[in-house]
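Have a look at query24.cif below; it lists mmCIF, N, CA and C atoms.
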data_upload
#
loop_
_atom_site.label_atom_id
_atom_site.label_comp_id
_atom_site.auth_asym_id
_atom_site.auth_seq_id
_atom_site.Cartn_x
_atom_site.Cartn_y
_atom_site.Cartn_z
N MET A 1 0.84 -1.18 0.00
CA MET A 1 0.00 0.00 0.00
C MET A 1 0.87 1.23 0.00
N SER A 2 0.33 2.28 -0.56
CA SER A 2 1.03 3.56 -0.52
C SER A 2 0.03 4.67 -0.24
N PHE A 3 0.33 5.45 0.76
CA PHE A 3 -0.48 6.63 1.07
C PHE A 3 0.08 7.86 0.34
N ALA A 4 1.17 7.64 -0.38
CA ALA A 4 1.91 8.75 -1.00
C ALA A 4 1.11 9.54 -2.02
N MET A 5 0.06 8.98 -2.56
CA MET A 5 -0.71 9.70 -3.59
C MET A 5 -1.90 10.46 -3.01
N SER A 6 -2.06 10.44 -1.70
CA SER A 6 -3.17 11.16 -1.08
C SER A 6 -3.09 12.66 -1.35
N GLY A 7 -1.94 13.23 -1.14
CA GLY A 7 -1.75 14.67 -1.40
C GLY A 7 -1.95 15.02 -2.86
N PRO A 8 -1.30 14.29 -3.78
CA PRO A 8 -1.51 14.57 -5.20
C PRO A 8 -2.97 14.40 -5.64
N LEU A 9 -3.66 13.41 -5.09
CA LEU A 9 -5.08 13.22 -5.43
C LEU A 9 -5.89 14.41 -4.93
N GLN A 10 -5.68 14.82 -3.70
CA GLN A 10 -6.42 15.96 -3.15
C GLN A 10 -6.15 17.22 -3.97
N ALA A 11 -4.91 17.46 -4.34
CA ALA A 11 -4.58 18.64 -5.14
C ALA A 11 -5.27 18.59 -6.50
N ALA A 12 -5.31 17.42 -7.12
CA ALA A 12 -5.96 17.29 -8.42
C ALA A 12 -7.46 17.50 -8.32
N VAL A 13 -8.08 16.99 -7.26
CA VAL A 13 -9.52 17.20 -7.05
C VAL A 13 -9.79 18.69 -6.87
N TYR A 14 -9.02 19.33 -6.02
CA TYR A 14 -9.20 20.76 -5.76
C TYR A 14 -9.04 21.56 -7.06
N ASP A 15 -7.96 21.29 -7.79
CA ASP A 15 -7.70 22.02 -9.04
C ASP A 15 -8.83 21.83 -10.04
N ALA A 16 -9.36 20.61 -10.15
CA ALA A 16 -10.45 20.34 -11.08
C ALA A 16 -11.72 21.12 -10.69
N LEU A 17 -12.01 21.16 -9.40
CA LEU A 17 -13.19 21.90 -8.95
C LEU A 17 -13.04 23.40 -9.19
N VAL A 18 -11.88 23.93 -8.87
CA VAL A 18 -11.63 25.37 -9.05
C VAL A 18 -11.71 25.75 -10.53
N ALA A 19 -11.28 24.87 -11.41
CA ALA A 19 -11.24 25.18 -12.85
C ALA A 19 -12.60 25.05 -13.53
N ASP A 20 -13.57 24.44 -12.88
CA ASP A 20 -14.85 24.19 -13.53
C ASP A 20 -15.71 25.46 -13.57
N THR A 21 -16.10 25.86 -14.78
CA THR A 21 -16.87 27.10 -14.93
C THR A 21 -18.31 26.96 -14.42
N ALA A 22 -18.92 25.77 -14.60
CA ALA A 22 -20.29 25.59 -14.12
C ALA A 22 -20.35 25.70 -12.60
N LEU A 23 -19.41 25.07 -11.91
CA LEU A 23 -19.36 25.17 -10.45
C LEU A 23 -19.03 26.60 -10.03
N GLY A 24 -18.09 27.21 -10.72
CA GLY A 24 -17.71 28.59 -10.42
C GLY A 24 -18.86 29.57 -10.56
N ALA A 25 -19.77 29.30 -11.50
CA ALA A 25 -20.92 30.18 -11.69
C ALA A 25 -21.86 30.13 -10.48
N ILE A 26 -21.81 29.04 -9.74
CA ILE A 26 -22.70 28.89 -8.58
C ILE A 26 -22.02 29.34 -7.29
N VAL A 27 -20.76 28.93 -7.07
CA VAL A 27 -20.10 29.22 -5.79
C VAL A 27 -18.95 30.22 -5.91
N GLY A 28 -18.67 30.68 -7.11
CA GLY A 28 -17.55 31.61 -7.29
C GLY A 28 -16.24 30.92 -6.96
N THR A 29 -15.43 31.56 -6.16
CA THR A 29 -14.13 30.99 -5.76
C THR A 29 -14.21 30.32 -4.40
N ALA A 30 -15.41 30.14 -3.87
CA ALA A 30 -15.59 29.59 -2.52
C ALA A 30 -15.48 28.06 -2.52
N ILE A 31 -14.29 27.57 -2.81
CA ILE A 31 -13.97 26.15 -2.78
C ILE A 31 -12.78 26.02 -1.85
N TYR A 32 -12.98 25.28 -0.75
CA TYR A 32 -11.97 25.28 0.32
C TYR A 32 -11.48 23.88 0.66
N ASP A 33 -10.20 23.83 0.94
CA ASP A 33 -9.61 22.65 1.57
C ASP A 33 -9.80 22.81 3.09
N ALA A 34 -9.48 23.99 3.57
CA ALA A 34 -9.71 24.35 4.97
C ALA A 34 -10.59 25.60 4.97
N VAL A 35 -11.71 25.54 5.65
CA VAL A 35 -12.63 26.67 5.69
C VAL A 35 -11.97 27.83 6.43
N PRO A 36 -11.93 29.01 5.80
CA PRO A 36 -11.28 30.15 6.45
C PRO A 36 -12.09 30.66 7.64
N SER A 37 -11.42 31.36 8.53
CA SER A 37 -12.12 31.96 9.67
C SER A 37 -12.86 33.20 9.20
N GLY A 38 -13.80 33.63 9.98
CA GLY A 38 -14.56 34.82 9.64
C GLY A 38 -15.84 34.47 8.91
N ALA A 39 -16.42 35.48 8.32
CA ALA A 39 -17.69 35.31 7.62
C ALA A 39 -17.50 34.44 6.38
N LEU A 40 -18.42 33.53 6.19
CA LEU A 40 -18.37 32.65 5.03
C LEU A 40 -19.41 33.09 4.01
N PRO A 41 -19.18 32.77 2.73
CA PRO A 41 -20.18 33.10 1.72
C PRO A 41 -21.44 32.25 1.94
N PRO A 42 -22.56 32.64 1.35
CA PRO A 42 -23.80 31.91 1.57
C PRO A 42 -23.80 30.49 0.99
N ILE A 43 -22.89 30.20 0.07
CA ILE A 43 -22.75 28.84 -0.45
C ILE A 43 -21.28 28.59 -0.76
N TYR A 44 -20.80 27.42 -0.36
CA TYR A 44 -19.40 27.08 -0.63
C TYR A 44 -19.22 25.57 -0.69
N VAL A 45 -18.06 25.17 -1.21
CA VAL A 45 -17.69 23.77 -1.33
C VAL A 45 -16.49 23.53 -0.42
N ARG A 46 -16.52 22.40 0.29
CA ARG A 46 -15.43 22.06 1.21
C ARG A 46 -14.99 20.63 0.96
N LEU A 47 -13.68 20.44 0.81
CA LEU A 47 -13.13 19.09 0.74
C LEU A 47 -13.21 18.50 2.13
N GLY A 48 -13.59 17.24 2.21
CA GLY A 48 -13.85 16.64 3.52
C GLY A 48 -12.95 15.47 3.85
N SER A 49 -13.50 14.56 4.60
CA SER A 49 -12.74 13.44 5.14
C SER A 49 -12.35 12.46 4.04
N GLU A 50 -11.37 11.63 4.40
CA GLU A 50 -10.84 10.65 3.45
C GLU A 50 -10.51 9.36 4.20
N GLU A 51 -10.82 8.25 3.59
CA GLU A 51 -10.47 6.94 4.11
C GLU A 51 -9.71 6.21 3.01
N VAL A 52 -8.58 5.60 3.37
CA VAL A 52 -7.72 4.97 2.36
C VAL A 52 -7.52 3.51 2.72
N ARG A 53 -7.64 2.65 1.70
CA ARG A 53 -7.41 1.21 1.89
C ARG A 53 -6.43 0.71 0.85
N ASN A 54 -5.67 -0.26 1.25
CA ASN A 54 -4.69 -0.87 0.37
C ASN A 54 -5.37 -1.49 -0.85
N ALA A 55 -4.79 -1.26 -2.01
CA ALA A 55 -5.26 -1.89 -3.24
C ALA A 55 -4.06 -2.30 -4.09
N SER A 56 -2.96 -2.60 -3.42
CA SER A 56 -1.77 -3.05 -4.15
C SER A 56 -2.05 -4.39 -4.80
N ASP A 57 -1.39 -4.61 -5.91
CA ASP A 57 -1.52 -5.89 -6.60
C ASP A 57 -0.18 -6.21 -7.26
N GLY A 58 -0.17 -7.17 -8.14
CA GLY A 58 1.06 -7.59 -8.79
C GLY A 58 1.71 -6.51 -9.63
N SER A 59 0.96 -5.50 -10.00
CA SER A 59 1.52 -4.42 -10.81
C SER A 59 2.15 -3.31 -9.99
N GLY A 60 1.97 -3.34 -8.66
CA GLY A 60 2.61 -2.33 -7.82
C GLY A 60 1.72 -1.83 -6.70
N ALA A 61 2.22 -0.80 -6.03
CA ALA A 61 1.51 -0.21 -4.90
C ALA A 61 0.32 0.61 -5.38
N GLY A 62 -0.77 0.48 -4.66
CA GLY A 62 -1.95 1.24 -5.00
C GLY A 62 -2.87 1.36 -3.81
N ALA A 63 -3.90 2.17 -3.95
CA ALA A 63 -4.84 2.40 -2.85
C ALA A 63 -6.17 2.86 -3.42
N VAL A 64 -7.22 2.60 -2.64
CA VAL A 64 -8.54 3.17 -2.94
C VAL A 64 -8.80 4.24 -1.89
N HIS A 65 -9.05 5.44 -2.36
CA HIS A 65 -9.34 6.58 -1.50
C HIS A 65 -10.82 6.87 -1.59
N ARG A 66 -11.50 6.81 -0.46
CA ARG A 66 -12.90 7.23 -0.40
C ARG A 66 -12.90 8.58 0.31
N PHE A 67 -13.41 9.59 -0.38
CA PHE A 67 -13.36 10.95 0.17
C PHE A 67 -14.68 11.66 -0.07
N SER A 68 -14.89 12.69 0.72
CA SER A 68 -16.12 13.46 0.59
C SER A 68 -15.83 14.89 0.15
N VAL A 69 -16.81 15.43 -0.55
CA VAL A 69 -16.83 16.84 -0.93
C VAL A 69 -18.21 17.33 -0.51
N SER A 70 -18.24 18.43 0.24
CA SER A 70 -19.51 18.94 0.75
C SER A 70 -19.86 20.28 0.12
N VAL A 71 -21.14 20.45 -0.12
CA VAL A 71 -21.70 21.74 -0.52
C VAL A 71 -22.51 22.22 0.67
N ILE A 72 -22.20 23.41 1.15
CA ILE A 72 -22.84 23.94 2.34
C ILE A 72 -23.42 25.31 2.01
N THR A 73 -24.67 25.53 2.43
CA THR A 73 -25.31 26.80 2.13
C THR A 73 -26.20 27.27 3.27
N SER A 74 -26.27 28.57 3.42
CA SER A 74 -27.21 29.17 4.35
C SER A 74 -28.41 29.73 3.58
N ASN A 75 -28.40 29.58 2.27
CA ASN A 75 -29.52 30.03 1.45
C ASN A 75 -30.73 29.12 1.71
N PRO A 76 -31.94 29.66 1.61
CA PRO A 76 -33.13 28.84 1.82
C PRO A 76 -33.31 27.83 0.67
N GLY A 77 -33.84 26.68 0.99
CA GLY A 77 -34.09 25.66 -0.01
C GLY A 77 -32.82 24.92 -0.42
N PHE A 78 -33.03 23.86 -1.17
CA PHE A 78 -31.91 23.03 -1.60
C PHE A 78 -31.54 23.22 -3.07
N ALA A 79 -32.30 23.98 -3.83
CA ALA A 79 -32.11 24.04 -5.28
C ALA A 79 -30.69 24.44 -5.67
N GLN A 80 -30.19 25.52 -5.09
CA GLN A 80 -28.85 25.99 -5.46
C GLN A 80 -27.77 25.01 -4.98
N ALA A 81 -27.95 24.46 -3.80
CA ALA A 81 -26.98 23.49 -3.29
C ALA A 81 -26.96 22.24 -4.16
N LYS A 82 -28.13 21.79 -4.61
CA LYS A 82 -28.18 20.61 -5.47
C LYS A 82 -27.56 20.90 -6.83
N ALA A 83 -27.71 22.10 -7.33
CA ALA A 83 -27.06 22.46 -8.60
C ALA A 83 -25.54 22.44 -8.44
N ALA A 84 -25.05 22.95 -7.31
CA ALA A 84 -23.61 22.92 -7.05
C ALA A 84 -23.11 21.49 -6.88
N ALA A 85 -23.88 20.67 -6.17
CA ALA A 85 -23.49 19.27 -5.98
C ALA A 85 -23.47 18.52 -7.31
N ALA A 86 -24.41 18.81 -8.17
CA ALA A 86 -24.42 18.19 -9.50
C ALA A 86 -23.18 18.59 -10.29
N ALA A 87 -22.79 19.84 -10.18
CA ALA A 87 -21.58 20.31 -10.87
C ALA A 87 -20.33 19.60 -10.33
N VAL A 88 -20.25 19.44 -9.01
CA VAL A 88 -19.13 18.71 -8.40
C VAL A 88 -19.10 17.29 -8.94
N SER A 89 -20.24 16.64 -8.96
CA SER A 89 -20.33 15.27 -9.44
C SER A 89 -19.93 15.18 -10.92
N ASP A 90 -20.39 16.13 -11.72
CA ASP A 90 -20.04 16.14 -13.14
C ASP A 90 -18.54 16.26 -13.36
N VAL A 91 -17.88 17.06 -12.53
CA VAL A 91 -16.43 17.24 -12.65
C VAL A 91 -15.68 15.99 -12.24
N LEU A 92 -16.09 15.38 -11.14
CA LEU A 92 -15.29 14.31 -10.55
C LEU A 92 -15.62 12.90 -11.05
N HIS A 93 -16.89 12.58 -11.25
CA HIS A 93 -17.25 11.21 -11.67
C HIS A 93 -16.63 10.90 -13.03
N ASP A 94 -15.83 9.86 -13.06
CA ASP A 94 -15.09 9.47 -14.27
C ASP A 94 -14.15 10.57 -14.76
N GLY A 95 -13.76 11.46 -13.84
CA GLY A 95 -12.84 12.53 -14.20
C GLY A 95 -11.46 11.99 -14.56
N ALA A 96 -10.83 12.62 -15.50
CA ALA A 96 -9.49 12.23 -15.93
C ALA A 96 -8.48 13.19 -15.30
N LEU A 97 -8.27 13.05 -14.01
CA LEU A 97 -7.39 13.97 -13.30
C LEU A 97 -5.94 13.52 -13.42
N ALA A 98 -5.07 14.46 -13.63
CA ALA A 98 -3.64 14.17 -13.68
C ALA A 98 -3.05 14.39 -12.29
N LEU A 99 -2.35 13.39 -11.78
CA LEU A 99 -1.72 13.47 -10.46
C LEU A 99 -0.24 13.81 -10.61
N SER A 100 0.30 14.51 -9.64
CA SER A 100 1.73 14.82 -9.68
C SER A 100 2.59 13.60 -9.33
N ARG A 101 1.97 12.59 -8.76
CA ARG A 101 2.64 11.31 -8.52
C ARG A 101 1.64 10.20 -8.75
N GLY A 102 2.04 9.15 -9.43
CA GLY A 102 1.17 8.03 -9.69
C GLY A 102 0.14 8.37 -10.75
N ARG A 103 -0.87 7.52 -10.82
CA ARG A 103 -1.93 7.76 -11.81
C ARG A 103 -3.28 7.36 -11.22
N LEU A 104 -4.28 8.00 -11.74
CA LEU A 104 -5.65 7.72 -11.35
C LEU A 104 -6.18 6.60 -12.23
N VAL A 105 -6.59 5.50 -11.63
CA VAL A 105 -7.17 4.38 -12.37
C VAL A 105 -8.64 4.65 -12.64
N TYR A 106 -9.38 5.06 -11.60
CA TYR A 106 -10.77 5.47 -11.77
C TYR A 106 -11.16 6.42 -10.66
N LEU A 107 -12.21 7.18 -10.91
CA LEU A 107 -12.81 8.09 -9.93
C LEU A 107 -14.31 8.02 -10.14
N ARG A 108 -15.02 7.58 -9.09
CA ARG A 108 -16.46 7.35 -9.23
C ARG A 108 -17.24 7.95 -8.07
N PHE A 109 -18.42 8.43 -8.41
CA PHE A 109 -19.38 8.86 -7.41
C PHE A 109 -19.96 7.61 -6.75
N GLU A 110 -20.05 7.63 -5.41
CA GLU A 110 -20.64 6.50 -4.69
C GLU A 110 -22.01 6.82 -4.10
N ARG A 111 -22.11 7.95 -3.42
CA ARG A 111 -23.38 8.27 -2.77
C ARG A 111 -23.37 9.73 -2.31
N ALA A 112 -24.55 10.18 -1.89
CA ALA A 112 -24.70 11.54 -1.36
C ALA A 112 -25.66 11.51 -0.18
N ARG A 113 -25.47 12.45 0.70
CA ARG A 113 -26.37 12.62 1.84
C ARG A 113 -26.77 14.09 1.88
N VAL A 114 -28.05 14.35 1.89
CA VAL A 114 -28.58 15.71 1.90
C VAL A 114 -29.23 15.93 3.26
N SER A 115 -28.85 17.04 3.93
CA SER A 115 -29.40 17.25 5.28
C SER A 115 -29.50 18.74 5.61
N ARG A 116 -30.33 18.98 6.62
CA ARG A 116 -30.42 20.30 7.23
C ARG A 116 -29.64 20.22 8.53
N VAL A 117 -28.85 21.24 8.80
CA VAL A 117 -28.06 21.27 10.04
C VAL A 117 -28.29 22.59 10.75
N GLU A 118 -27.85 22.62 12.00
CA GLU A 118 -27.96 23.84 12.81
C GLU A 118 -29.39 24.39 12.81
N SER A 119 -30.31 23.59 13.31
CA SER A 119 -31.72 23.98 13.41
C SER A 119 -32.31 24.35 12.05
N ALA A 120 -31.87 23.68 11.01
CA ALA A 120 -32.37 23.84 9.64
C ALA A 120 -32.00 25.17 9.00
N ALA A 121 -31.12 25.94 9.62
CA ALA A 121 -30.69 27.20 9.02
C ALA A 121 -29.65 26.98 7.93
N THR A 122 -28.98 25.85 7.98
CA THR A 122 -27.94 25.52 7.01
C THR A 122 -28.31 24.21 6.34
N ARG A 123 -28.01 24.14 5.07
CA ARG A 123 -28.23 22.92 4.31
C ARG A 123 -26.88 22.40 3.84
N GLN A 124 -26.74 21.07 3.84
CA GLN A 124 -25.46 20.48 3.49
C GLN A 124 -25.68 19.22 2.65
N ILE A 125 -24.89 19.11 1.59
CA ILE A 125 -24.89 17.92 0.76
C ILE A 125 -23.48 17.35 0.80
N ASP A 126 -23.36 16.13 1.29
CA ASP A 126 -22.08 15.44 1.35
C ASP A 126 -22.03 14.41 0.24
N LEU A 127 -21.11 14.59 -0.69
CA LEU A 127 -20.93 13.65 -1.80
C LEU A 127 -19.74 12.77 -1.48
N ARG A 128 -19.88 11.49 -1.73
CA ARG A 128 -18.80 10.54 -1.46
C ARG A 128 -18.31 9.96 -2.78
N PHE A 129 -16.99 9.96 -2.95
CA PHE A 129 -16.35 9.45 -4.16
C PHE A 129 -15.33 8.39 -3.79
N ALA A 130 -15.04 7.51 -4.73
CA ALA A 130 -13.99 6.52 -4.58
C ALA A 130 -13.01 6.69 -5.74
N ALA A 131 -11.74 6.78 -5.38
CA ALA A 131 -10.68 6.92 -6.37
C ALA A 131 -9.67 5.80 -6.19
N ARG A 132 -9.38 5.10 -7.25
CA ARG A 132 -8.35 4.06 -7.22
C ARG A 132 -7.11 4.66 -7.86
N VAL A 133 -6.00 4.65 -7.11
CA VAL A 133 -4.74 5.21 -7.60
C VAL A 133 -3.67 4.11 -7.61
N GLN A 134 -2.74 4.28 -8.52
CA GLN A 134 -1.64 3.34 -8.68
C GLN A 134 -0.35 4.13 -8.68
N ASP A 135 0.61 3.69 -7.91
CA ASP A 135 1.93 4.35 -7.87
C ASP A 135 2.79 3.73 -8.96
N ASP A 136 3.11 4.52 -9.96
CA ASP A 136 3.88 3.99 -11.09
C ASP A 136 5.36 4.00 -10.87
#
Translate this file's structure into structure tokens.
Amino acid sequence: MSFAMSGPLQAAVYDALVADTALGAIVGTAIYDAVPSGALPPIYVRLGSEEVRNASDGSGAGAVHRFSVSVITSNPGFAQAKAAAAAVSDVLHDGALALSRGRLVYLRFERARVSRVESAATRQIDLRFAARVQDD
């Protein structure tokens, strides 16, 4: 197993989201690895947790990374958040991301959870993806 591609995978995911014009039209530049302190915009995207499992085989070291990307909004209703989540999914599912180390074998959408948080004042969509990486 190799955890060495976790950073390159995260960077590639972030870069792909930032570069997407459809997502940018909804959230602007509010795409965060770490949420900044202070006032937040009414809708933003946050890279979330990650779980990594060994997927090494005869061809070399590899891993499956299961990670989340969240869309969070204080705007009423889910329509805008769902549009942003769809844009995230469009960018990442079967995305051909270039990693600075290793290679991406596949990237797939697995599931989503839509919820109201903080007494229903905030809405959140957590998208879960699985990425298989191989260290070349």
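Minimum distance to A:Ser70 across A:Ser56, A:Ser89, A:Gln134, A:Ser119 (counting only C-alpha atoms) occurs at A:Ser89.
Summary of the local environment: counting only C-alpha atoms, residues at most 10 Å from A:Ala121, other than itself and those fewer than 3 positions away along its chain, are Thr73, Ser74, Asn75, Pro76, Gly77, Arg116, Val117 and Glu118 of chain A.
The protein and nucleic acid residues lying at most 7 Å from stretch 10-14 of chain A are Leu97, Ala98, Leu99 and Ser100 of chain A, with only N, CA and C atoms considered and sequence neighbours fewer than 6 positions away removed.
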Quick one: DSSP strand (DSSP E or B) residues in chain A, as a tab-separated table (two decimals) with N, CA and C atoms, in the coordinates of the input?
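Output (states06.tsv):
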chain	number	residue	atom	x	y	z
A	31	ILE	N	-14.29	27.57	-2.81
A	31	ILE	CA	-13.97	26.15	-2.78
A	31	ILE	C	-12.78	26.02	-1.85
A	32	TYR	N	-12.98	25.28	-0.75
A	32	TYR	CA	-11.97	25.28	0.32
A	32	TYR	C	-11.48	23.88	0.66
A	43	ILE	N	-22.89	30.20	0.07
A	43	ILE	CA	-22.75	28.84	-0.45
A	43	ILE	C	-21.28	28.59	-0.76
A	44	TYR	N	-20.80	27.42	-0.36
A	44	TYR	CA	-19.40	27.08	-0.63
A	44	TYR	C	-19.22	25.57	-0.69
A	45	VAL	N	-18.06	25.17	-1.21
A	45	VAL	CA	-17.69	23.77	-1.33
A	45	VAL	C	-16.49	23.53	-0.42
A	46	ARG	N	-16.52	22.40	0.29
A	46	ARG	CA	-15.43	22.06	1.21
A	46	ARG	C	-14.99	20.63	0.96
A	47	LEU	N	-13.68	20.44	0.81
A	47	LEU	CA	-13.13	19.09	0.74
A	47	LEU	C	-13.21	18.50	2.13
A	48	GLY	N	-13.59	17.24	2.21
A	48	GLY	CA	-13.85	16.64	3.52
A	48	GLY	C	-12.95	15.47	3.85
A	49	SER	N	-13.50	14.56	4.60
A	49	SER	CA	-12.74	13.44	5.14
A	49	SER	C	-12.35	12.46	4.04
A	50	GLU	N	-11.37	11.63	4.40
A	50	GLU	CA	-10.84	10.65	3.45
A	50	GLU	C	-10.51	9.36	4.20
A	51	GLU	N	-10.82	8.25	3.59
A	51	GLU	CA	-10.47	6.94	4.11
A	51	GLU	C	-9.71	6.21	3.01
A	52	VAL	N	-8.58	5.60	3.37
A	52	VAL	CA	-7.72	4.97	2.36
A	52	VAL	C	-7.52	3.51	2.72
A	53	ARG	N	-7.64	2.65	1.70
A	53	ARG	CA	-7.41	1.21	1.89
A	53	ARG	C	-6.43	0.71	0.85
A	54	ASN	N	-5.67	-0.26	1.25
A	54	ASN	CA	-4.69	-0.87	0.37
A	54	ASN	C	-5.37	-1.49	-0.85
A	57	ASP	N	-1.39	-4.61	-5.91
A	57	ASP	CA	-1.52	-5.89	-6.60
A	57	ASP	C	-0.18	-6.21	-7.26
A	60	GLY	N	1.97	-3.34	-8.66
A	60	GLY	CA	2.61	-2.33	-7.82
A	60	GLY	C	1.72	-1.83	-6.70
A	62	GLY	N	-0.77	0.48	-4.66
A	62	GLY	CA	-1.95	1.24	-5.00
A	62	GLY	C	-2.87	1.36	-3.81
A	63	ALA	N	-3.90	2.17	-3.95
A	63	ALA	CA	-4.84	2.40	-2.85
A	63	ALA	C	-6.17	2.86	-3.42
A	64	VAL	N	-7.22	2.60	-2.64
A	64	VAL	CA	-8.54	3.17	-2.94
A	64	VAL	C	-8.80	4.24	-1.89
A	65	HIS	N	-9.05	5.44	-2.36
A	65	HIS	CA	-9.34	6.58	-1.50
A	65	HIS	C	-10.82	6.87	-1.59
A	66	ARG	N	-11.50	6.81	-0.46
A	66	ARG	CA	-12.90	7.23	-0.40
A	66	ARG	C	-12.90	8.58	0.31
A	67	PHE	N	-13.41	9.59	-0.38
A	67	PHE	CA	-13.36	10.95	0.17
A	67	PHE	C	-14.68	11.66	-0.07
A	68	SER	N	-14.89	12.69	0.72
A	68	SER	CA	-16.12	13.46	0.59
A	68	SER	C	-15.83	14.89	0.15
A	69	VAL	N	-16.81	15.43	-0.55
A	69	VAL	CA	-16.83	16.84	-0.93
A	69	VAL	C	-18.21	17.33	-0.51
A	70	SER	N	-18.24	18.43	0.24
A	70	SER	CA	-19.51	18.94	0.75
A	70	SER	C	-19.86	20.28	0.12
A	71	VAL	N	-21.14	20.45	-0.12
A	71	VAL	CA	-21.70	21.74	-0.52
A	71	VAL	C	-22.51	22.22	0.67
A	72	ILE	N	-22.20	23.41	1.15
A	72	ILE	CA	-22.84	23.94	2.34
A	72	ILE	C	-23.42	25.31	2.01
A	73	THR	N	-24.67	25.53	2.43
A	73	THR	CA	-25.31	26.80	2.13
A	73	THR	C	-26.20	27.27	3.27
A	103	ARG	N	-0.87	7.52	-10.82
A	103	ARG	CA	-1.93	7.76	-11.81
A	103	ARG	C	-3.28	7.36	-11.22
A	104	LEU	N	-4.28	8.00	-11.74
A	104	LEU	CA	-5.65	7.72	-11.35
A	104	LEU	C	-6.18	6.60	-12.23
A	105	VAL	N	-6.59	5.50	-11.63
A	105	VAL	CA	-7.17	4.38	-12.37
A	105	VAL	C	-8.64	4.65	-12.64
A	106	TYR	N	-9.38	5.06	-11.60
A	106	TYR	CA	-10.77	5.47	-11.77
A	106	TYR	C	-11.16	6.42	-10.66
A	107	LEU	N	-12.21	7.18	-10.91
A	107	LEU	CA	-12.81	8.09	-9.93
A	107	LEU	C	-14.31	8.02	-10.14
A	108	ARG	N	-15.02	7.58	-9.09
A	108	ARG	CA	-16.46	7.35	-9.23
A	108	ARG	C	-17.24	7.95	-8.07
A	109	PHE	N	-18.42	8.43	-8.41
A	109	PHE	CA	-19.38	8.86	-7.41
A	109	PHE	C	-19.96	7.61	-6.75
A	110	GLU	N	-20.05	7.63	-5.41
A	110	GLU	CA	-20.64	6.50	-4.69
A	110	GLU	C	-22.01	6.82	-4.10
A	111	ARG	N	-22.11	7.95	-3.42
A	111	ARG	CA	-23.38	8.27	-2.77
A	111	ARG	C	-23.37	9.73	-2.31
A	112	ALA	N	-24.55	10.18	-1.89
A	112	ALA	CA	-24.70	11.54	-1.36
A	112	ALA	C	-25.66	11.51	-0.18
A	113	ARG	N	-25.47	12.45	0.70
A	113	ARG	CA	-26.37	12.62	1.84
A	113	ARG	C	-26.77	14.09	1.88
A	114	VAL	N	-28.05	14.35	1.89
A	114	VAL	CA	-28.58	15.71	1.90
A	114	VAL	C	-29.23	15.93	3.26
A	115	SER	N	-28.85	17.04	3.93
A	115	SER	CA	-29.40	17.25	5.28
A	115	SER	C	-29.50	18.74	5.61
A	116	ARG	N	-30.33	18.98	6.62
A	116	ARG	CA	-30.42	20.30	7.23
A	116	ARG	C	-29.64	20.22	8.53
A	117	VAL	N	-28.85	21.24	8.80
A	117	VAL	CA	-28.06	21.27	10.04
A	117	VAL	C	-28.29	22.59	10.75
A	122	THR	N	-28.98	25.85	7.98
A	122	THR	CA	-27.94	25.52	7.01
A	122	THR	C	-28.31	24.21	6.34
A	123	ARG	N	-28.01	24.14	5.07
A	123	ARG	CA	-28.23	22.92	4.31
A	123	ARG	C	-26.88	22.40	3.84
A	124	GLN	N	-26.74	21.07	3.84
A	124	GLN	CA	-25.46	20.48	3.49
A	124	GLN	C	-25.68	19.22	2.65
A	125	ILE	N	-24.89	19.11	1.59
A	125	ILE	CA	-24.89	17.92	0.76
A	125	ILE	C	-23.48	17.35	0.80
A	126	ASP	N	-23.36	16.13	1.29
A	126	ASP	CA	-22.08	15.44	1.35
A	126	ASP	C	-22.03	14.41	0.24
A	127	LEU	N	-21.11	14.59	-0.69
A	127	LEU	CA	-20.93	13.65	-1.80
A	127	LEU	C	-19.74	12.77	-1.48
A	128	ARG	N	-19.88	11.49	-1.73
A	128	ARG	CA	-18.80	10.54	-1.46
A	128	ARG	C	-18.31	9.96	-2.78
A	129	PHE	N	-16.99	9.96	-2.95
A	129	PHE	CA	-16.35	9.45	-4.16
A	129	PHE	C	-15.33	8.39	-3.79
A	130	ALA	N	-15.04	7.51	-4.73
A	130	ALA	CA	-13.99	6.52	-4.58
A	130	ALA	C	-13.01	6.69	-5.74
A	131	ALA	N	-11.74	6.78	-5.38
A	131	ALA	CA	-10.68	6.92	-6.37
A	131	ALA	C	-9.67	5.80	-6.19
A	132	ARG	N	-9.38	5.10	-7.25
A	132	ARG	CA	-8.35	4.06	-7.22
A	132	ARG	C	-7.11	4.66	-7.86
A	133	VAL	N	-6.00	4.65	-7.11
A	133	VAL	CA	-4.74	5.21	-7.60
A	133	VAL	C	-3.67	4.11	-7.61
A	134	GLN	N	-2.74	4.28	-8.52
A	134	GLN	CA	-1.64	3.34	-8.68
A	134	GLN	C	-0.35	4.13	-8.68
> Distance atom CA of A:Leu107-atom CA of A:Lys82, one decimal place?
Replying inline: 20.3 Å
>> What's around A:Arg103 at 8 Å? Count only N, CA and C atoms, leave out sequence neighbours fewer than 6 positions away in its own chain, and write the answer as a PyMOL selection string.
In response: chain A and resi 5+97+132-136
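Distances from A:Ser6, A:Asp126, A:Asp15, A:Glu51 to A:Gly95 were compared using only C-alpha atoms, and the smallest one belongs to A:Asp15.
Atom N of A:Arg123 lies 18.9 Å from atom C of A:Gly24.
The residue that comes closest to A:Ala34, out of A:Gly62, A:Val114, A:Arg46, A:Asp94 and on the basis of only N, CA and C atoms, is A:Arg46.
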> Distance atom CA of A:Ala25-atom CA of A:Ser49, one decimal place?
Replying inline: 25.1 Å
>> Could you check the closest approach to A:Ile26 for each of A:Ser68, A:Gln80, A:Ser59, A:Asn54 and tell me which residue wins, using only C-alpha atoms?
In response: A:Gln80
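Picked out by the PyMOL selection byres (((chain A and resi 110 and name CA) around 9) and name CA) when it runs on this file: A:Arg66, A:Arg108, A:Phe109, A:Arg111, A:Ala112, A:Leu127, A:Arg128, A:Phe129, A:Ala130.
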Can you sort out the box for stretch 88-91 of chain A, edges along x, y and z, all listed atoms in, 6 Å on every side, with centre and edge lengths in Å to one decimal, as AutoDock Vina command-line options?
--center_x -18.0 --center_y 17.3 --center_z -10.9 --size_x 16.7 --size_y 16.3 --size_z 17.0
